[in-house]
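Structure below is run.cif: mmCIF, C-alpha atoms and all ligand atoms.
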data_coords
#
loop_
_atom_site.label_atom_id
_atom_site.label_comp_id
_atom_site.auth_asym_id
_atom_site.auth_seq_id
_atom_site.Cartn_x
_atom_site.Cartn_y
_atom_site.Cartn_z
CA MET A 18 0.00 0.00 0.00
CA THR A 19 1.22 3.55 -0.81
CA PRO A 20 2.20 5.35 2.40
CA SER A 21 0.11 8.45 3.14
CA THR A 22 1.23 11.78 1.71
CA ARG A 23 1.53 14.10 4.70
CA ILE A 24 0.07 17.58 4.14
CA GLY A 25 0.40 20.74 6.24
CA LEU A 26 -1.98 23.59 5.53
CA LEU A 27 -1.66 27.35 6.18
CA GLY A 28 -4.84 29.41 6.60
CA ALA A 29 -8.05 27.90 7.96
CA GLY A 30 -10.61 29.96 6.05
CA PHE A 31 -13.15 29.38 3.31
CA ILE A 32 -10.89 27.86 0.67
CA ALA A 33 -8.86 25.81 3.16
CA ARG A 34 -12.10 24.11 4.23
CA ARG A 35 -12.79 23.21 0.60
CA HIS A 36 -9.33 21.69 0.04
CA ILE A 37 -9.47 19.82 3.35
CA GLY A 38 -12.84 18.33 2.38
CA ILE A 39 -11.26 17.00 -0.82
CA LEU A 40 -7.89 15.93 0.58
CA SER A 41 -9.45 14.04 3.47
CA GLY A 42 -11.45 12.05 0.91
CA PHE A 43 -8.23 10.79 -0.76
CA PRO A 44 -7.27 7.45 0.83
CA ASP A 45 -3.54 8.10 0.33
CA VAL A 46 -3.41 11.60 1.89
CA GLN A 47 -3.34 12.78 5.49
CA VAL A 48 -3.72 16.43 6.55
CA VAL A 49 -1.47 16.32 9.62
CA ALA A 50 -1.22 20.00 10.65
CA LEU A 51 -2.87 23.40 10.22
CA ALA A 52 -1.59 26.88 11.03
CA ASP A 53 -3.63 30.08 11.33
CA PRO A 54 -3.10 33.10 13.61
CA ASP A 55 -6.77 32.54 14.45
CA THR A 56 -6.06 29.25 16.21
CA GLY A 57 -9.74 28.79 17.11
CA ARG A 58 -10.54 28.66 13.43
CA ALA A 59 -7.71 26.20 12.81
CA ARG A 60 -8.82 24.02 15.74
CA GLU A 61 -12.34 23.76 14.33
CA LEU A 62 -11.00 22.40 11.04
CA ALA A 63 -8.27 20.27 12.61
CA GLY A 64 -10.49 18.54 15.18
CA PRO A 65 -12.18 15.94 12.95
CA LEU A 66 -8.83 15.22 11.24
CA GLY A 67 -6.82 14.74 14.43
CA ALA A 68 -4.38 17.30 12.94
CA HIS A 69 -1.99 19.44 15.01
CA VAL A 70 -2.67 23.19 15.26
CA TYR A 71 -0.10 26.00 15.15
CA ALA A 72 -0.32 29.80 15.20
CA ASP A 73 2.19 30.29 12.38
CA ASP A 74 3.97 28.62 9.52
CA HIS A 75 7.43 28.70 11.18
CA GLU A 76 6.31 26.52 14.06
CA LEU A 77 4.40 24.16 11.78
CA LEU A 78 7.33 23.69 9.40
CA GLU A 79 9.78 23.30 12.29
CA ARG A 80 7.79 20.60 14.06
CA GLU A 81 6.14 18.55 11.32
CA ALA A 82 7.64 16.15 8.77
CA LEU A 83 5.63 16.98 5.64
CA ASP A 84 5.54 15.84 2.02
CA ALA A 85 3.81 19.04 0.81
CA LEU A 86 2.31 22.31 2.00
CA TYR A 87 -1.02 23.96 1.09
CA ILE A 88 -0.90 27.77 1.33
CA CYS A 89 -4.45 29.15 1.63
CA VAL A 90 -3.72 32.57 3.14
CA PRO A 91 -5.06 35.98 2.04
CA PRO A 92 -3.18 37.79 -0.76
CA PHE A 93 -1.20 40.07 1.61
CA ALA A 94 0.27 37.11 3.55
CA HIS A 95 2.29 35.53 0.71
CA GLY A 96 6.04 35.31 0.29
CA GLY A 97 7.21 34.14 3.71
CA PRO A 98 5.41 30.76 3.62
CA GLU A 99 6.44 29.99 0.02
CA LEU A 100 10.09 30.88 0.63
CA ALA A 101 10.11 28.83 3.85
CA ALA A 102 8.69 25.82 1.97
CA ALA A 103 11.12 26.29 -0.93
CA GLY A 104 14.03 26.54 1.52
CA ARG A 105 13.10 23.07 2.77
CA GLY A 106 12.61 21.68 -0.75
CA LEU A 107 8.92 21.20 0.12
CA PRO A 108 6.43 21.12 -2.81
CA PHE A 109 3.55 23.54 -2.33
CA PHE A 110 0.05 24.24 -3.60
CA VAL A 111 -0.86 27.92 -3.29
CA GLU A 112 -4.16 29.68 -3.81
CA LYS A 113 -4.44 32.54 -6.27
CA PRO A 114 -3.53 35.40 -6.35
CA LEU A 115 0.21 34.84 -5.88
CA ALA A 116 0.57 38.09 -3.88
CA THR A 117 -0.56 41.71 -3.99
CA ASP A 118 2.67 42.77 -5.73
CA LEU A 119 5.08 41.49 -8.39
CA ALA A 120 8.37 41.48 -6.45
CA THR A 121 7.14 38.87 -3.92
CA ALA A 122 5.88 36.52 -6.63
CA GLU A 123 9.04 36.90 -8.72
CA ARG A 124 11.25 36.12 -5.73
CA VAL A 125 9.24 32.98 -5.01
CA ALA A 126 9.27 31.99 -8.71
CA ALA A 127 13.08 32.29 -8.79
CA GLU A 128 13.42 29.99 -5.73
CA VAL A 129 10.94 27.49 -7.19
CA ALA A 130 12.83 27.42 -10.50
CA ALA A 131 16.25 27.14 -8.84
CA ARG A 132 15.11 24.12 -6.83
CA GLY A 133 12.94 22.52 -9.54
CA LEU A 134 10.13 22.40 -6.99
CA ILE A 135 6.71 20.90 -7.72
CA THR A 136 4.11 23.66 -7.35
CA SER A 137 0.48 24.23 -8.26
CA VAL A 138 -1.66 27.37 -8.14
CA GLY A 139 -5.42 27.32 -7.60
CA TYR A 140 -6.57 28.31 -11.08
CA HIS A 141 -9.12 25.50 -10.95
CA TRP A 142 -11.07 26.67 -14.06
CA ARG A 143 -8.25 25.12 -16.09
CA SER A 144 -9.40 21.73 -14.76
CA LEU A 145 -12.98 22.05 -16.06
CA ASP A 146 -13.91 19.47 -18.71
CA THR A 147 -15.81 22.26 -20.50
CA VAL A 148 -12.60 24.30 -20.76
CA GLU A 149 -10.89 21.28 -22.32
CA ARG A 150 -13.77 21.06 -24.82
CA ALA A 151 -13.50 24.78 -25.59
CA ALA A 152 -9.74 24.39 -26.17
CA GLU A 153 -10.44 21.56 -28.65
CA LEU A 154 -12.98 23.67 -30.54
CA LEU A 155 -10.58 26.63 -30.71
CA ALA A 156 -7.51 24.60 -31.76
CA ALA A 157 -8.51 24.68 -35.43
CA ASN A 158 -10.43 27.97 -35.26
CA PRO A 159 -8.73 30.35 -32.80
CA ALA A 160 -10.69 32.95 -30.87
CA ARG A 161 -10.45 36.49 -32.23
CA LEU A 162 -12.58 38.24 -29.60
CA ALA A 163 -12.78 37.56 -25.85
CA LEU A 164 -15.35 39.11 -23.51
CA GLY A 165 -14.72 38.31 -19.85
CA TYR A 166 -16.94 39.07 -16.87
CA TRP A 167 -16.83 38.97 -13.08
CA LEU A 168 -20.04 40.73 -12.08
CA ASP A 169 -20.69 39.66 -8.53
CA SER A 170 -21.13 40.61 -4.87
CA THR A 171 -18.38 41.77 -2.49
CA PRO A 172 -16.79 38.72 -0.81
CA PRO A 173 -17.14 38.60 3.01
CA PRO A 174 -13.49 38.65 4.27
CA ALA A 175 -12.61 42.09 5.72
CA TRP A 176 -9.28 42.12 3.83
CA TRP A 177 -11.02 41.87 0.45
CA VAL A 178 -12.15 45.53 0.22
CA LYS A 179 -8.66 46.91 1.04
CA GLU A 180 -6.49 47.42 -2.04
CA ALA A 181 -3.27 46.90 -0.06
CA GLU A 182 -4.52 43.59 1.36
CA SER A 183 -6.27 42.00 -1.62
CA GLY A 184 -4.82 43.80 -4.65
CA GLY A 185 -8.33 44.74 -5.81
CA GLN A 186 -10.94 42.78 -7.76
CA MET A 187 -8.97 42.19 -10.99
CA VAL A 188 -5.92 40.87 -9.08
CA GLU A 189 -7.84 38.90 -6.46
CA GLN A 190 -10.91 37.56 -8.22
CA THR A 191 -11.18 38.27 -11.94
CA THR A 192 -7.69 36.76 -12.18
CA HIS A 193 -9.49 33.46 -12.92
CA ILE A 194 -10.93 35.02 -16.11
CA PHE A 195 -7.65 36.67 -17.14
CA ASP A 196 -5.97 33.29 -16.64
CA LEU A 197 -8.61 31.50 -18.70
CA ALA A 198 -8.22 34.07 -21.49
CA ARG A 199 -4.45 33.38 -21.55
CA PHE A 200 -5.12 29.62 -21.51
CA LEU A 201 -7.66 29.69 -24.38
CA VAL A 202 -6.58 32.68 -26.49
CA GLY A 203 -2.83 32.96 -25.81
CA GLU A 204 -0.37 35.51 -24.44
CA VAL A 205 -1.36 39.12 -23.97
CA VAL A 206 1.07 41.70 -25.38
CA ALA A 207 -0.58 44.86 -24.05
CA VAL A 208 -3.29 45.85 -21.58
CA SER A 209 -5.06 49.01 -20.51
CA ALA A 210 -7.84 49.47 -17.97
CA THR A 211 -10.04 52.00 -16.27
CA GLY A 212 -11.87 51.81 -12.97
CA SER A 213 -13.62 53.84 -10.31
CA ARG A 214 -15.28 53.56 -6.94
CA LEU A 215 -18.03 55.04 -4.81
CA ASP A 216 -18.16 55.20 -1.02
CA ARG A 217 -20.57 52.52 0.14
CA ALA A 218 -22.12 52.77 3.60
CA SER A 219 -22.09 48.98 4.01
CA PHE A 220 -18.30 48.81 3.44
CA PRO A 221 -16.69 51.51 5.60
CA GLY A 222 -12.98 51.93 4.88
CA ALA A 223 -13.20 50.09 1.55
CA ASP A 224 -10.82 51.49 -1.05
CA VAL A 225 -10.95 48.94 -3.90
CA GLN A 226 -12.37 50.05 -7.23
CA ASP A 227 -15.88 48.62 -7.52
CA VAL A 228 -16.08 48.82 -11.33
CA THR A 229 -13.22 48.13 -13.76
CA ALA A 230 -12.91 47.45 -17.48
CA ALA A 231 -9.72 46.13 -19.08
CA THR A 232 -8.80 45.87 -22.76
CA LEU A 233 -6.48 43.05 -23.83
CA HIS A 234 -4.32 42.83 -26.96
CA PHE A 235 -3.26 39.23 -27.65
CA ALA A 236 -0.09 38.21 -29.52
CA SER A 237 -2.31 36.45 -32.10
CA GLY A 238 -4.01 39.74 -32.99
CA ALA A 239 -7.14 38.77 -31.04
CA ILE A 240 -8.60 41.42 -28.74
CA GLY A 241 -10.61 41.26 -25.56
CA THR A 242 -12.31 43.13 -22.75
CA VAL A 243 -12.74 42.04 -19.14
CA ALA A 244 -15.36 43.79 -16.98
CA SER A 245 -15.56 43.44 -13.21
CA THR A 246 -17.84 44.73 -10.49
CA CYS A 247 -18.48 43.82 -6.86
CA LEU A 248 -21.56 46.06 -6.55
CA LEU A 249 -24.19 43.32 -6.82
CA ASN A 250 -25.66 41.12 -4.11
CA TRP A 251 -25.47 37.93 -6.18
CA PRO A 252 -23.23 36.34 -8.84
CA HIS A 253 -24.86 37.85 -11.95
CA ARG A 254 -22.33 36.85 -14.65
CA ILE A 255 -18.94 35.19 -14.18
CA GLY A 256 -17.35 33.77 -17.29
CA LEU A 257 -15.60 34.15 -20.60
CA HIS A 258 -17.28 34.48 -24.01
CA LEU A 259 -15.14 33.74 -27.07
CA TYR A 260 -15.79 34.43 -30.74
CA ALA A 261 -14.10 32.86 -33.79
CA GLU A 262 -15.16 32.43 -37.40
CA GLY A 263 -18.68 30.99 -37.31
CA LEU A 264 -18.30 30.07 -33.63
CA ALA A 265 -19.46 31.68 -30.36
CA LEU A 266 -18.65 30.08 -26.99
CA GLU A 267 -19.95 31.07 -23.56
CA LEU A 268 -18.06 29.53 -20.65
CA SER A 269 -19.05 29.78 -17.01
CA GLU A 270 -17.82 27.70 -14.09
CA PHE A 271 -20.82 25.42 -14.59
CA GLU A 272 -21.43 25.13 -18.33
CA LEU A 273 -20.30 25.71 -21.91
CA MET A 274 -22.67 27.01 -24.58
CA VAL A 275 -21.56 26.43 -28.17
CA ASP A 276 -23.36 28.56 -30.77
CA VAL A 277 -22.73 27.77 -34.45
CA GLY A 278 -26.04 29.29 -35.57
CA ARG A 279 -28.20 26.27 -34.70
CA GLY A 280 -29.68 27.18 -31.31
CA ARG A 281 -27.81 27.49 -28.01
CA PRO A 282 -26.84 23.95 -26.91
CA VAL A 283 -25.39 23.82 -23.40
CA GLN A 284 -22.92 21.26 -22.00
CA ARG A 285 -22.95 21.03 -18.18
CA ALA A 286 -19.51 20.77 -16.55
CA GLU A 287 -18.98 17.24 -15.20
CA GLY A 288 -16.96 16.43 -12.09
CA ASP A 289 -15.27 18.80 -9.64
CA PRO A 290 -12.32 20.85 -10.96
CA PHE A 291 -11.07 21.37 -7.38
CA VAL A 292 -10.79 17.57 -7.00
CA ARG A 293 -8.88 17.34 -10.29
CA GLU A 294 -6.40 20.08 -9.36
CA ASP A 295 -5.79 18.60 -5.90
CA ARG A 296 -5.38 15.07 -7.31
CA ALA A 297 -2.95 16.31 -9.99
CA PHE A 298 -0.82 18.01 -7.33
CA ILE A 299 -0.80 14.99 -4.99
CA ASP A 300 0.04 12.63 -7.88
CA ALA A 301 3.00 14.81 -8.89
CA VAL A 302 4.21 14.91 -5.27
CA GLN A 303 3.98 11.11 -5.19
CA GLY A 304 6.22 10.89 -8.28
CA LYS A 305 3.45 10.04 -10.73
CA PRO A 306 3.27 11.90 -14.09
CA ASN A 307 2.99 15.65 -13.54
CA VAL A 308 -0.24 16.94 -15.15
CA ILE A 309 -0.51 20.12 -13.05
CA ARG A 310 -2.27 22.77 -15.15
CA ALA A 311 -0.98 25.91 -13.42
CA PRO A 312 2.49 25.58 -11.92
CA TYR A 313 3.91 28.71 -10.25
CA ALA A 314 5.76 30.01 -13.35
CA GLU A 315 2.59 29.80 -15.43
CA ALA A 316 0.50 31.55 -12.77
CA LEU A 317 3.13 34.30 -12.57
CA LYS A 318 2.30 35.32 -16.15
CA THR A 319 -1.36 35.79 -15.22
CA HIS A 320 -0.33 37.68 -12.07
CA ARG A 321 1.81 40.07 -14.16
CA LEU A 322 -1.18 40.68 -16.42
CA THR A 323 -3.68 41.46 -13.64
CA LEU A 324 -1.17 43.69 -11.82
CA ALA A 325 -0.56 45.61 -15.05
CA ALA A 326 -4.32 46.00 -15.57
CA ALA A 327 -4.73 47.25 -11.99
CA ARG A 328 -1.83 49.68 -12.44
CA SER A 329 -3.30 50.99 -15.68
CA ALA A 330 -6.67 51.49 -13.97
CA ARG A 331 -4.98 53.48 -11.18
CA GLU A 332 -3.00 55.53 -13.70
CA GLY A 333 -5.80 56.73 -15.95
CA GLY A 334 -5.93 53.93 -18.50
CA ARG A 335 -2.34 54.02 -19.77
CA LEU A 336 -1.47 51.22 -22.25
CA ILE A 337 1.08 48.82 -20.74
CA ARG A 338 2.96 46.59 -23.18
CA PHE A 339 4.68 43.32 -22.33
CA THR A 340 7.90 41.93 -23.70
CA GLU A 341 7.11 38.77 -25.62
CA VAL A 342 9.54 36.46 -23.89
CA ARG A 343 8.88 37.01 -20.19
CA ASN A 344 5.52 38.76 -20.30
CA GLU A 345 7.07 41.54 -18.24
CA PRO A 346 5.89 45.13 -18.44
CA GLU A 347 8.18 47.17 -20.64
CA ALA A 348 8.92 50.79 -20.03
CA VAL A 349 5.52 52.39 -19.75
CA HIS A 350 4.09 53.86 -22.98
CA ASP A 351 1.84 56.88 -22.92
N1 LIG A 401 -9.66 29.10 -6.21
C1 LIG A 401 -10.77 29.71 -5.82
O1 LIG A 401 -11.79 29.68 -6.48
C2 LIG A 401 -10.77 30.46 -4.51
C3 LIG A 401 -11.98 30.62 -3.81
C4 LIG A 401 -11.93 31.33 -2.61
C5 LIG A 401 -10.75 31.87 -2.13
N2 LIG A 401 -9.60 31.69 -2.87
C6 LIG A 401 -8.34 32.33 -2.45
O2 LIG A 401 -7.88 31.78 -1.24
C7 LIG A 401 -7.26 32.78 -0.45
C8 LIG A 401 -7.92 32.78 0.94
O3 LIG A 401 -9.29 33.10 0.77
P1 LIG A 401 -10.38 32.67 1.87
O4 LIG A 401 -11.69 33.00 1.27
O5 LIG A 401 -10.12 31.29 2.36
O6 LIG A 401 -10.02 33.75 3.00
P2 LIG A 401 -10.41 33.70 4.55
O7 LIG A 401 -10.26 35.09 5.06
O8 LIG A 401 -11.70 32.97 4.73
O9 LIG A 401 -9.27 32.76 5.18
C9 LIG A 401 -7.93 33.12 5.23
C10 LIG A 401 -7.34 32.59 6.53
O10 LIG A 401 -5.93 32.78 6.51
C11 LIG A 401 -5.52 33.16 7.81
N3 LIG A 401 -4.19 33.78 7.75
C12 LIG A 401 -3.85 35.07 7.55
N4 LIG A 401 -2.49 35.20 7.53
C13 LIG A 401 -1.98 33.97 7.71
C14 LIG A 401 -0.67 33.45 7.79
N5 LIG A 401 0.40 34.24 7.64
N6 LIG A 401 -0.51 32.12 8.03
C15 LIG A 401 -1.57 31.32 8.15
N7 LIG A 401 -2.85 31.75 8.07
C16 LIG A 401 -3.05 33.05 7.85
C17 LIG A 401 -6.63 34.07 8.32
O11 LIG A 401 -6.61 34.19 9.73
C18 LIG A 401 -7.86 33.35 7.78
O12 LIG A 401 -8.37 32.40 8.71
C19 LIG A 401 -7.45 34.10 -1.20
O13 LIG A 401 -6.27 34.44 -1.88
C20 LIG A 401 -8.55 33.81 -2.19
O14 LIG A 401 -8.43 34.51 -3.41
C21 LIG A 401 -9.59 30.99 -4.02
#
Rewrite the structure from the file as structure tokens, please.
Ligand SMILES: NC(=O)c1ccc[n+]([C@@H]2O[C@H](COP(=O)([O-])OP(=O)(O)OC[C@H]3O[C@@H](n4cnc5c(N)ncnc54)[C@H](O)[C@@H]3O)[C@@H](O)[C@H]2O)c1
Amino acid sequence: MTPSTRIGLLGAGFIARRHIGILSGFPDVQVVALADPDTGRARELAGPLGAHVYADDHELLEREALDALYICVPPFAHGGPELAAAGRGLPFFVEKPLATDLATAERVAAEVAARGLITSVGYHWRSLDTVERAAELLAANPARLALGYWLDSTPPPAWWVKEAESGGQMVEQTTHIFDLARFLVGEVVAVSATGSRLDRASFPGADVQDVTAATLHFASGAIGTVASTCLLNWPHRIGLHLYAEGLALELSEFELMVDVGRGRPVQRAEGDPFVREDRAFIDAVQGKPNVIRAPYAEALKTHRLTLAAARSAREGGRLIRFTEVRNEPEAVHD
């Protein structure tokens, strides 16, 4: 029998609960320890697992013999945990976004590359069967126009509405759609964006833009727009619509609509993409073939794109171009 893969997990919030639910269903995985400064929260999740609880990642990494680490902390808390894991040669799964800035993510990426570390980032849309189907349809008939949306409510964590703590909606949330656009349409060579905000009585102290619109220029010549808002009280539209010659696709997290002019047939997404991304990471850690869809270096390209969009929106819609090789912002063009 395969010995259990021993997992430690940082952050005991919403997304940690989801990964724990999945990991504890794998017969060859054991979540052995959790760390969260809110130890009460960690204890609640750890109890049924018989896992140890710590207040911080240093103590957890010092005391536990792990095979891999899950990093499920808010955007502002990245860098330290990843570098500590990398320093120990410990593979890690980290939730998006990689950080609130570029320097932190680039430093981590350099360590990961230098050590050849197995990593995975929580861009779970890439693991949807409907996304695979869309990629097949677009292989012979590439998308020329992309319209992305994240039109939703304001998420509950207090850190979310603070630009310095979350990075803002495009960096924190719509990053899934920017990533999907890169995955299905290709690299982006330039981006510009605009955004604004209103004071809202229900969110005192909030400083994130509550409406943004980004324009994407793809290397292929395709173009796109990505609109985001957190002003609603429900998830109104979250997805990516793609247009090619004689082909219109509408992708959400739950279904794919393929329009070739004969009605609007819908394919429901089958299976759980979170299960697929967790299984792919565990398999790679166990030495099985590595089919991880979003390793750290790949996610870094999406992070550069969303940060550039957010910067453009702060700076009045300036066009920011990327160098083709590293997808890095060039000198800023007016
Ligand atoms: N892939 C997805 O679809 C998806 C969905 C939800 C959230 N997320 C991402 O997961 C991350 C966490 O989101 P959440 O909704 O779980 O937030 P949350 O606020 O519910 O939980 C975060 C937890 O991390 C803890 N924490 C803060 N600093 C820490 C540190 N240094 N070490 C350990 N724990 C620390 C907090 O005390 C909190 O309990 C965010 O980046 C978010 O974007 C991804």
Just the number, please: distance in Å from CA of Gly64 (chain A) to CA of Ile37 (chain A), one decimal.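 Those two atoms sit 11.9 Å apart.
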Which residues sit within 9 Å of ligand LIG 401 (chain A), counting all atoms listed in the file, listed as a PyMOL selection string? chain A and resi 26-35+51-56+58-59+71-74+88-95+97-98+111-116+138-142+172-177+183+188-190+193+291
For CA of Ala82 (chain A) and CA of Val308 (chain A), determine how far apart the two atoms are, in Å to one decimal place.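 Between these atoms lies a distance of 25.2 Å.
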Residues within 7 Å of Asp227 (chain A), please, as a ChimeraX atom specification. Count all atoms listed in the file; anything in the same chain fewer than 4 positions from it doesn't count. /A:213-214,246-248
With distances taken over all atoms listed in the file, which of A:Val275, A:Val125, A:Ala327, A:Ile24 is nearest to Gly212 (chain A)?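 Closest residue, counting all atoms listed in the file: A:Ala327.
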Option closest in space to Glu204 (chain A), from A:Gln47, A:Thr323, A:Ser237, A:Thr229 [counting only C-alpha atoms]: A:Ser237
Would you mind telling me which residue in A:Ala301, A:Ala223, A:Val277, A:Ala198 lies nearest to Leu257 (chain A) when using all atoms listed in the file? A:Ala198
Between CA of Leu273 (chain A) and CA of Glu287 (chain A), distance in Å (one decimal):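 The value is 10.9 Å.
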Counting only C-alpha atoms, the option among A:Pro290, A:Gly67, A:Gly334, A:Gly278 closest to Ala210 (chain A):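 For Ala210 (chain A), the nearest of the candidates is A:Gly334.
Comparing A:Ala156, A:Leu168, A:Ala330, A:Leu317 by their smallest distance to Ser245 (chain A), the closest is A:Leu168 (using all atoms listed in the file).
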Distance query Gly106 (chain A) at most 8 Å, all atoms listed in the file, self and fewer than 3 positions along chain excluded, as a ChimeraX atom specification: /A:102-103,132,134
Pick from A:Leu197, A:Val206, A:Leu155, A:Ala311: nearest to Tyr260 (chain A), with all atoms listed in the file counted? A:Leu155
